[in-house]
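Worksheet: the structure to be examined is printed underneath.
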Amino acid sequence: KLRSAFYSVILLISVSFVACTSSTQSKQETAAPETKPNIVIIYLDDLGYGDMGAYGATEIKTPNMDRLANDGVMFTDGHASSSTCTPSRYALLTGMYPWRNKDAKILPGTAPLIIDTAQVTIPKMLKGQGYYTGVVGKWHLGLGTGHVDWNKHVSPGPNEVGFDYAYIMAATQDRVPTVYLENGLVEGLDPNDPIEVDYEKNFEGEPTGKDNAELLTMKWHHGHNNSIVNGIPRIGFMKGGEKAKWSDVDMADHFLAKAQDYVKEHKDEPFFLYYALQQPHVPRTPNPRFVGSTDLGPRGDVIVEADWCIGEFLKTLEKEGILENTLIIFSSDNGPVLNDGYYDDAVERLGDHDPKGGLRGGKYSLFEAGTRVPFIAYWKGKITPVKSDALISQIDLLASLAKLAGTEESTTDSQELLDVLLGKSEKGREDLVLEATSRTAYRKGQWLMIPPYKGPAVISAVNIEIGNSPEYQLYNLKDDICQQKNLANSNPEKLNKMVEEYREVVGD
Ligand code: NG6
Ligand code: CA
């Protein structure tokens, strides 16, 4: 009902343009109430292009994600801005290329907030259009201004960049502090057991993954050998806050319940929800209900768990009668990685599954699998299902959602592609700068140019080709989606043009 009201307003506006000189226009028509659709961004952490059924996975069943893809606009060339988390999330929320901000790198749990509180963001823009705005899940964009006291109100954070409501983990599941924060306050904190966090040195007498292997239920492979929480060694040191510590195996249920409560509480107003799930990032800790739901071990199992959460979340929207008035964007912050620092069988039990979906590279990489991710727009009854090959980036959501909400928001980088997002046009971006661990590459049409970079071609710990080469690389993705034929030498003309345009865009 709400949805049709929203559209009748649009219809009326167009009718009144045609009929503006006519005297037959009735008062009743112009008085239709304006309703805006709810907007939900469902954002996964490290889900690869090939990790869900609709994008080709056969070894992991993801019926709920697939429903979004099959009944929505399923992008085949949709990109996260970057091949790691913090920069992608920064770009998603601000509509700015993350390489313009030198602080937009993988952050420790103690890093200050990297979004300027004066900056435009999706929630801020939507708030201005009458939306209630919320974030539930992984944050990883920094908190505070430098020295956070976790025992006091932590600010600035999500509430200061446009979110009316925030229920978050500060950084990542593998980083301390391993607690939830609700609107800047650590939930369940006992004042007699204050939290201390340090990324440089341990607190005296506290066990670590490095020295206390006997306490571990999950073994570290590289990094991840500092404080131990729930038997899992983490990045960073933490002391105290015992009662406030999260339960890893319940995290998915916990965030889901918060997202559902949020929807129920705000169903009567237009709302925005950024639901940032933690899977399949490490440590992969499926709830016992999902252990063994694939043959792939924890990495497969937590993808099934995430899929279940999405199904339950959709059921809530349905039950509350607002599914048809809710635009859902589904995507991931970067490409896949198997061994990201723990022994969890992701490599050993991979079998026939291809998380990269046939692409080259992965998380941390400038090759396609780094940033090309599942990217879906779903709006029941409003979108005609279609597979779209348009080039689109998460950076474009700010300008596109602004248009949908009835306003304009222009940043240098965010392009208004609402028609593309809703599957009415295939005219996506002409070009795009990709980012991976502070390096950039340039995409124009079907061409991709990677400038020469020093450093190893492969990060051996994670076994991923990250795109470094002493030579320029030029690929034609139309014929060579796997990036096997470097055309830099055979097509110097194209290479020069790409380099020139790239320099113009990045201001080199
Ligand atoms: C890396 C971690 C990795 C992961 C990543 C962030 C080590 C050795 N590796 O530094 O496990 O946490 O940071 O991932 O510590 S992201 O998806 O949040 O960008
Ligand atoms: Ca990630």
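Chain labels follow the order of the structure tokens: the first chain is A, the next B, and so on; residue numbering restarts at 1 in every chain, and ligands are counted from 1 in their shown order.
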Checklist line | Neighbourhood of ligand 2 at 6 Å, counting only C-alpha atoms and all ligand atoms, reported as a ChimeraX atom specification | finding: /A:45-46,84-85,333-334
Note to self: So that I can check the secondary structure, give me every residue of segment 144-268 of chain A assigned helix (DSSP H, G or I) by backbone DSSP, as a ChimeraX atom specification.
What the structure shows: /A:158-161,213-215,242-244,248-266
Store the residues picked out above, limited to C-alpha atoms, as a compact mmCIF listing (two decimals), in the first residue's frame.
# COMPACT_ATOMS: atom_id res chain seq x y z
CA PRO A 158 28.29 6.05 13.87
CA ASN A 159 25.87 8.36 15.73
CA GLU A 160 28.00 11.36 14.77
CA VAL A 161 28.08 10.54 11.05
CA ALA A 213 48.64 -22.66 22.99
CA GLU A 214 47.05 -24.90 25.65
CA LEU A 215 44.17 -22.42 26.04
CA GLU A 242 34.66 -10.10 31.12
CA LYS A 243 30.84 -9.86 31.28
CA ALA A 244 30.66 -7.68 28.19
CA ASP A 248 31.32 -15.78 18.83
CA VAL A 249 28.96 -18.64 17.99
CA ASP A 250 25.95 -16.45 18.85
CA MET A 251 27.06 -13.34 16.99
CA ALA A 252 24.98 -14.02 13.87
CA ASP A 253 21.79 -14.62 15.87
CA HIS A 254 22.55 -11.59 17.98
CA PHE A 255 22.96 -9.16 15.09
CA LEU A 256 19.93 -10.68 13.36
CA ALA A 257 17.74 -10.09 16.43
CA LYS A 258 18.94 -6.48 16.62
CA ALA A 259 18.19 -5.95 12.92
CA GLN A 260 14.72 -7.49 13.33
CA ASP A 261 13.95 -5.36 16.41
CA TYR A 262 15.03 -2.28 14.50
CA VAL A 263 12.66 -3.07 11.65
CA LYS A 264 9.75 -3.75 14.00
CA GLU A 265 10.34 -0.52 15.89
CA HIS A 266 10.61 1.66 12.82
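Checking A:Met74, A:Ile41, A:Ala436, A:Val499 one by one against ligand 1, counting only C-alpha atoms and all ligand atoms, you find the shortest gap at A:Ala436.
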Margin query: Give me, as a list in words, the set of residues whose atoms come within 7 Å of any atom of ligand 1, counting only C-alpha atoms and all ligand atoms.
Written below: Asp45, Asp46, Thr84, Cys85, Thr86, Ile106, Thr172, Asp174, His222, Gly223, His224, Ile235, His281, Val282, Asn334, Asp340 and Gly341 of chain A
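Comparing A:Arg372, A:Arg234, A:His353, A:Lys380 by their smallest distance to Ala80 of chain A, the closest is A:Arg372 (using only C-alpha atoms).
Among the candidates A:Ala377, A:Ala369, A:Ala104, A:Ala488, the residue lying nearest to Thr437 of chain A is A:Ala104 (atoms considered: only C-alpha atoms).
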Segment 203-211 of chain A environment, 12 Å, only C-alpha atoms, sequence neighbours closer than 6 positions dropped, as a compact mmCIF listing (two decimals) with N, CA and C atoms, in the first residue's frame:
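So around_9.txt came out as:
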# COMPACT_ATOMS: atom_id res chain seq x y z
N ILE A 195 37.48 -2.16 30.94
CA ILE A 195 38.17 -2.69 29.76
C ILE A 195 39.39 -1.85 29.44
N GLU A 196 40.48 -2.54 29.14
CA GLU A 196 41.66 -1.86 28.62
C GLU A 196 42.06 -2.52 27.31
N VAL A 197 42.45 -1.72 26.35
CA VAL A 197 42.82 -2.24 25.04
C VAL A 197 44.14 -1.62 24.60
N THR A 217 41.14 -22.98 21.35
CA THR A 217 40.23 -23.90 20.67
C THR A 217 40.36 -23.73 19.15
N MET A 218 40.96 -22.61 18.75
CA MET A 218 41.22 -22.38 17.32
C MET A 218 42.69 -21.98 17.21
N LYS A 219 43.40 -22.55 16.25
CA LYS A 219 44.83 -22.25 16.15
C LYS A 219 45.09 -21.13 15.17
N TRP A 220 46.07 -20.30 15.51
CA TRP A 220 46.42 -19.22 14.58
C TRP A 220 47.46 -19.71 13.57
N HIS A 221 47.37 -19.19 12.37
CA HIS A 221 48.30 -19.53 11.30
C HIS A 221 49.30 -18.41 11.07
N HIS A 222 48.78 -17.20 10.89
CA HIS A 222 49.66 -16.01 10.85
C HIS A 222 48.90 -14.85 11.48
N GLY A 223 49.66 -13.97 12.17
CA GLY A 223 49.03 -12.92 12.96
C GLY A 223 48.19 -13.57 14.06
N HIS A 224 47.19 -12.86 14.57
CA HIS A 224 46.20 -13.48 15.47
C HIS A 224 46.79 -14.26 16.63
N ASN A 225 47.85 -13.74 17.25
CA ASN A 225 48.40 -14.49 18.39
C ASN A 225 48.50 -13.63 19.65
N ASN A 226 47.60 -12.63 19.76
CA ASN A 226 47.60 -11.79 20.96
C ASN A 226 46.57 -12.32 21.97
N SER A 227 45.70 -11.46 22.50
CA SER A 227 44.77 -11.90 23.56
C SER A 227 43.86 -13.03 23.12
N ILE A 228 43.50 -13.86 24.08
CA ILE A 228 42.62 -15.00 23.81
C ILE A 228 41.23 -14.71 24.36
N VAL A 229 40.22 -14.80 23.50
CA VAL A 229 38.84 -14.64 23.95
C VAL A 229 38.05 -15.83 23.44
N ASN A 230 37.34 -16.50 24.33
CA ASN A 230 36.56 -17.71 23.97
C ASN A 230 37.44 -18.75 23.28
N GLY A 231 38.68 -18.85 23.72
CA GLY A 231 39.59 -19.85 23.15
C GLY A 231 40.18 -19.46 21.80
N ILE A 232 39.79 -18.27 21.31
CA ILE A 232 40.26 -17.82 19.99
C ILE A 232 41.28 -16.69 20.18
N PRO A 233 42.49 -16.87 19.64
CA PRO A 233 43.48 -15.80 19.76
C PRO A 233 43.16 -14.68 18.77
N ARG A 234 43.32 -13.43 19.22
CA ARG A 234 42.90 -12.26 18.40
C ARG A 234 44.07 -11.37 18.03
N ILE A 235 43.74 -10.33 17.28
CA ILE A 235 44.70 -9.26 17.00
C ILE A 235 44.49 -8.19 18.06
N GLY A 236 45.54 -7.84 18.78
CA GLY A 236 45.44 -6.81 19.82
C GLY A 236 45.26 -7.42 21.20
N PHE A 237 45.59 -6.58 22.20
CA PHE A 237 45.54 -7.04 23.58
C PHE A 237 44.39 -6.37 24.32
N MET A 238 43.75 -7.17 25.17
CA MET A 238 42.60 -6.65 25.90
C MET A 238 42.59 -7.24 27.31
N LYS A 239 42.16 -6.42 28.24
CA LYS A 239 42.06 -6.87 29.62
C LYS A 239 40.72 -6.39 30.19
N GLY A 240 40.11 -7.20 31.04
CA GLY A 240 38.86 -6.79 31.71
C GLY A 240 37.64 -6.96 30.82
N TYR A 342 43.89 -18.24 10.43
CA TYR A 342 43.60 -19.33 11.36
C TYR A 342 43.58 -20.66 10.61
Checklist line | Trp99 of chain A environment, 8 Å, only C-alpha atoms, sequence neighbours closer than 6 positions dropped, as a ChimeraX atom specification | finding: /A:87,435,438,440
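Considering only C-alpha atoms, the residue among A:Ile322, A:Asp352, A:Tyr475, A:Met449 positioned nearest to Leu434 of chain A is A:Met449.
Residues of segment 199-374 of chain A carrying a DSSP assignment of strand (DSSP E), computed from the backbone, are Ile228, Val229, Ile232, Pro233, Phe237, Met238, Lys239, Phe271, Phe272, Leu273, Tyr274, Tyr275, Ala276, Thr326, Leu327, Ile328, Ile329, Phe330, Ser331 and Ser332 of chain A.
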